[in-house]
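K.L.:
One structure, pasted below without further comment.
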Amino acid sequence: MIARRMRIASIGGGPAGLFFSILMKKAWPHVEIDVYERNRADDTFGWGVVFSAETLGNLEEADPETLARIREEFRYWDDIDTFVDDPDNVVRSTGHGFCGMSRIRLLRILQERCRALGVRMHFEREVELDSPEIAGADLVLAVDGVNSRVREKLAHVFRPEVDGRQCRFAWFGTDLPMDAFTFVFQRTEWGLFQVHAYPFEPGLGTWIVECQDDVWKRAGLDRMSEEESAAFCEKIFAEHLRGHRILINRSVWRRFPTVRCATWHHGNVVLLGDAAHTAHFSIGSGTKLAMEDAIVLRDAFAEHGLDDVPRALAAYEKARFVDVLKLQKAAQTSLEWFENSERYVDQDLVTFTFNLMTRSKRITYENLRARDPELVRRVDEVFAESHGSPRRADGSAVPPMFAPFRAGGLALPNRVVVSPMCQYRAVDGVPNDWHLVHLGSRAVGGAGLVLTEMTNVSPEGRITPSCAGLWNEAQAEAWARIVSFVHAESDAKIGVQLAHAGRKGSTHHAWNGADRALGADEGAWTTFGPSAIPFRPEWPAPKAMDRGDMDKVRDDFVAATRRAVDAGFDVIELHMAHGYLLSSFLSPLSNQRQDEYGGDLERRMRFPLEVFAAVRAAWPTDRGLIVRISASDWAGERGMTEEDSVVLARALRDGGVDAVDVSSGGNVADVIPVYGRMYQVPFAERIRYEAGVPVIAVGAIQGEDHCNTVLAAGRADLCALARPHLANPYLTAHAAARYGYDAAPWPRPYLAGRPRADA
């Protein structure tokens with residue numbers, strides 16, 4: 001590398017600024033670096049920091065010398081202990097690989113390394129972007145923490161979003177000896193308190209206390225001093241502390257701020273660490289994020305050189321942004337779990353521990369089974385005892401996905417559902433051999449329930465001319481042939497998803513121009529909606545339905561239901577999701593009627609519930625009835641909200657639904673969901689707990705690992721998979737073989753090809 005004179009000023013002396021200074025001085029010894037820290041060298045707020053083995057590998061590769069010193073100070077442990085109320089009842093999970101140390105020791109090691117390399121450090125020095133000390137710097141690091149003044153000064157550029165959450169927390173210490181990461185959930189007269197605790201040096205540990213804001217106020221903590229609140233918490237957790245103390249160090253109660261910025265750099269100024277982004281302490285990644293930021297920023301200069309600072313900063317952001325977003329998403333999921341932990345504390349402790357371990361989705365059933373097979377074995381046993389699961393030949397419990405399910409008329413041999421997938425292969429609404437092979441192969445493949453594609457109750461209810469229907473006898477006879485095959489050749493149940501496309505109808509199918517409306521010369525038809533608002537601006541507006549139209553649609557659903565009875569279907573799924581007709585009545589973004597069917601939620605629900613009641617009356621009670629809903633429009637308070645979906649689910653429960661299939665989105669074209677693994681499961685979980693109705697989770701559930709993760713934690717009752725079943729129609733049968741469940745059904749002609757768990 002060619003040495004170039006460069007001056008770097010760091011506003012803040014935390015781990016990000018110090019570690020970046022170390023890395024830059026190693027790479028370019030002639031670079032001048034000044035670190036300005038408002039506090040004293042030995043000041044620190046908080047207690048310990050935690051790292052994983054993966055993080056250590058990254059740090060060691062970047063600077064082995066620093067990592068060697070850090071390792072000398074580490075306290076190592078593999079275990080996580082979970083308590084709910086009873087200090088003598090604990091579930092321990094092992095195999096997690098943590099290490100921790102005092103935050104002040106980490107800072108001292110980094111400071112010592114900086115001094116050795118020639119970094120100039122200035123403590124008790126408050127500087128701003130326009131301070132003389134910063135003038136002339138080629139690069140300015142804004143590493144001034146979660147309340148970054150640099151970020152706020154350039155807020156018009158960085159465009160920060162700071163999300164203050166529901167819970168309050170205080171960061172205490174303790175002299176309680178611990179040999180594991182420790183979670184304590186304590187119910188009190190004021191509400192639930194929870195502790196995140198871990199050791200970091202002999203005789204000292206972190207003891208973070210967290211509770212809902214209303215619990216904090218009821219307990220009077222909003223009126224207590226730091227010392228008084230520590231004494232209060234000592235009293236609450238006295239049995240768990242076993243005579244040990246809670247310690248204070250600026251242990252004030254606050255809300256956790258989730259910080260996100262649209263960009264992290266401007267000119268020669270760059271944000272790192274908490275100034276740029278935060279991740280909830282429940283996944284222990286604040287210091288990790290900060291130090292990994294430093295590594296990636298150094299790498300950007302190594303690639304692009306020191307001559308073009310803006311280019312290097314842009315490369316840093318490009319390389320780092322997505323990884324940080326992923327970690328923030330996991331942290332947010334974990335944060336929200338703790339916000340809602342009171343939902344789960346009545347679970348048995350083994351299930352609760354599994355739920356806790358898998359909360360962020362970074363650890364799944366299979367991942368935990370590799371780390372801690374004994375805990376997962378216990379989870380399987382508890383689930384099997386509760387749900388009547390079958391057993392392997394050796395008597396051991398099978399994974400949760402193989403447990404039978406029954407609710408009302410819905411009786412399934414296992415908990416795997418083939419989600420509806422439009423095939424666009426019907427002719428005049430009549431299913432054919434394609435549908436027989438598509439649905440039949442997945443039934444033979446072992447799923448507990450196979451659902452047809454969206455099957456429309458009238459010609460004008462189709463999405464495309466190639467959509468399936470159930471509005472005439474020819475269609476009913478064709479469906480009966482498919483149903484008969486499924487019943488004869490598999491243990492699966494088969495259901496029909498009945499729907500009306502509403503304003504999203506009269507379009508081309510996906511491979512002939514997705515989201516493109518049919519033209520008049522292409523057989524277009526009049527579509528219907530609650531209001532004359534097109535789904536896309538360039539599409540024809542639907543006809544705003546009058547009472548006569550509504551009567552016809554209701555009667556079409558009833559007629560299709562009766563044909564489904566005659567065809568032998570085991571289940572109906574009534575489609576109230578994805579912006580199709582019934583869904584469009586529910587959303588205020590598509591329903592702007594001024595009569596008794598528009599306005600507040602109660603009136604928007606009126607027509608969909610009327611259709612549901614009519615279908616319920618026509619459908620035998622010994623067969624299953626499911627309703628699919630969009631739990632959120634992903635449009636905030638403007639659209640259908642999670643709170644609305646809970647109210648809707650309660651109404652469906654009271655009307656006799658057997659399960660609610662919980663999806664999201666689809667009502668408006670300009671709102672994009674936040675996708676990710678199992679991204680819709682939280683919607684299903686909330687409805688399950690708050691509406692008290694069985695739920696089907698759907699949405700990027702990517703196989704048996706995710707199914708077992710969701711089911712074992714009690715987040716849903718059934719899991720619906722679409723794309724994984726396109727890739728592998730025999731997903732459930734293959735999973736049974738892999739898990740050593742030999743009693744699972746297998747097609748007799750295929751027995752010779754059956755895989756073995758021990759192969």
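Chain identifiers are assigned as A, B, and so on, following the order in which chains appear in the structure tokens; residues are numbered from 1 within each chain, and ligands are numbered from 1 in order of appearance.
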Between stretch 373-432 of chain A and stretch 567-591 of chain A, at 10 Å or less, what are the per-residue closest atom pairs and their distances in Å? Count only C-alpha atoms, order by chain and rising residue number, and return it as a Markdown table.

P.N.:
```
| residue | atom | partner | partner_atom | distance |
| --- | --- | --- | --- | --- |
| A:Gly409 | CA | A:Val571 | CA | 8.4 |
| A:Leu410 | CA | A:Val571 | CA | 7.2 |
| A:Ala411 | CA | A:Asp570 | CA | 9.0 |
| A:Leu412 | CA | A:Asp570 | CA | 9.8 |
| A:Pro420 | CA | A:Glu573 | CA | 9.5 |
```

K.L.:
Quick one: everything within 9 Å of A:Gln423, counting only C-alpha atoms, minus sequence neighbours fewer than 5 positions away in the same chain. Send it as a list in words.

P.N.:
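Everything that qualifies: Trp434, His435, His438, Glu453, Ser466, Cys467 and Ala468 of chain A.
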
K.L.:
Store the residues of this selection in a file with C-alpha atoms, as a compact mmCIF listing (two decimals), in the first residue's frame.

P.N.:
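That gives us selection_34.txt:
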```txt
# COMPACT_ATOMS: atom_id res chain seq x y z
CA TRP A 434 -52.89 -31.06 -14.48
CA HIS A 435 -54.85 -30.42 -11.28
CA HIS A 438 -50.62 -31.40 -8.97
CA GLU A 453 -56.01 -23.18 -5.83
CA SER A 466 -57.65 -19.86 -16.85
CA CYS A 467 -58.71 -19.91 -13.19
CA ALA A 468 -60.63 -22.83 -11.69
```

K.L.:
Which residues are close to stretch 594-602 of chain A, i.e. within 10 Å by only C-alpha atoms, leaving aside same-chain residues fewer than 5 positions away? Reply as a ChimeraX atom specification.

P.N.:
/A:530-531,585-588,607-609,640,644-645,647-648,651

K.L.:
Apply DSSP to the backbone of this structure and, from stretch 22-161 of chain A, keep only the residues in alpha helix (DSSP H); write these as number ranges by chain.

P.N.:
A: 22-27, 53-62, 64-73, 103-117, 149-153, 155-158

K.L.:
Stretch 629-686 of chain A near stretch 719-733 of chain A within 12 Å: what's each residue's closest atom pair and its distance in Å to one decimal, counting only C-alpha atoms, ordered by chain then ascending residue number, as CSV?

P.N.:
```
residue,atom,partner,partner_atom,distance
A:Ala659,CA,A:Cys719,CA,11.8
A:Val660,CA,A:Cys719,CA,11.5
A:Asp661,CA,A:Ala720,CA,8.5
A:Val662,CA,A:Ala720,CA,9.7
A:Ser663,CA,A:Ala720,CA,10.2
A:Met678,CA,A:Cys719,CA,10.1
A:Gln680,CA,A:Cys719,CA,11.1
A:Val681,CA,A:Cys719,CA,9.3
A:Ala684,CA,A:Cys719,CA,10.2
A:Glu685,CA,A:Cys719,CA,11.7
```

K.L.:
With N, CA and C atoms retained, write the just-selected residues as a compact mmCIF listing (two decimals), in the first residue's frame.

P.N.:
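Listed below is the output, again_8.txt:
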```txt
# COMPACT_ATOMS: atom_id res chain seq x y z
N ALA A 659 -60.69 -22.86 11.95
CA ALA A 659 -59.33 -22.33 11.99
C ALA A 659 -59.26 -21.10 11.10
N VAL A 660 -58.32 -20.22 11.41
CA VAL A 660 -58.08 -19.02 10.60
C VAL A 660 -56.70 -19.14 9.97
N ASP A 661 -56.65 -19.03 8.67
CA ASP A 661 -55.41 -19.09 7.89
C ASP A 661 -54.92 -17.65 7.74
N VAL A 662 -53.76 -17.34 8.33
CA VAL A 662 -53.37 -15.94 8.51
C VAL A 662 -52.27 -15.54 7.54
N SER A 663 -52.66 -14.72 6.58
CA SER A 663 -51.73 -14.17 5.61
C SER A 663 -51.69 -12.66 5.80
N MET A 678 -40.45 -16.91 7.56
CA MET A 678 -41.58 -17.03 8.50
C MET A 678 -42.15 -15.66 8.84
N GLN A 680 -44.80 -13.96 8.30
CA GLN A 680 -46.18 -13.72 8.69
C GLN A 680 -46.59 -14.47 9.96
N VAL A 681 -45.68 -15.26 10.50
CA VAL A 681 -46.01 -16.04 11.70
C VAL A 681 -46.44 -15.16 12.87
N ALA A 684 -50.15 -14.62 12.81
CA ALA A 684 -50.92 -15.81 13.21
C ALA A 684 -50.85 -16.01 14.72
N GLU A 685 -49.66 -15.84 15.26
CA GLU A 685 -49.47 -16.04 16.70
C GLU A 685 -50.34 -15.09 17.51
```

K.L.:
Tell me which of A:Asp163, A:Glu189, A:Glu303, A:Glu317 sits closest to A:Thr258, counting only C-alpha atoms.

P.N.:
A:Asp163

K.L.:
Quick one, how far is atom CA of A:Leu718 from atom CA of A:Ser490?

P.N.:
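We find that atom CA of A:Leu718 and atom CA of A:Ser490 lie 19.0 Å from each other.
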
K.L.:
I need the residues of stretch 199-267 of chain A that end up classed as strand (DSSP E or B) by DSSP on the backbone, written out as a PyMOL selection string.

P.N.:
chain A and resi 199-201+204-212+246-247+254-261+265-266

K.L.:
Determine, counting only C-alpha atoms, which protein, DNA and RNA residues have an atom within 10 Å of an atom of A:Leu327; residues of the same chain fewer than 4 positions away are not included. Present the result as a ChimeraX atom specification.

P.N.:
/A:278-280,283,285,289,322-323,331-333,360,362

K.L.:
Need to verify the contact set: A:Glu704, 9 Å, only C-alpha atoms, exclusion of same-chain residues closer than 2 positions in sequence. Can you return it as number ranges by chain?

P.N.:
A: 401, 416, 701-702, 706-709, 731-732, 735
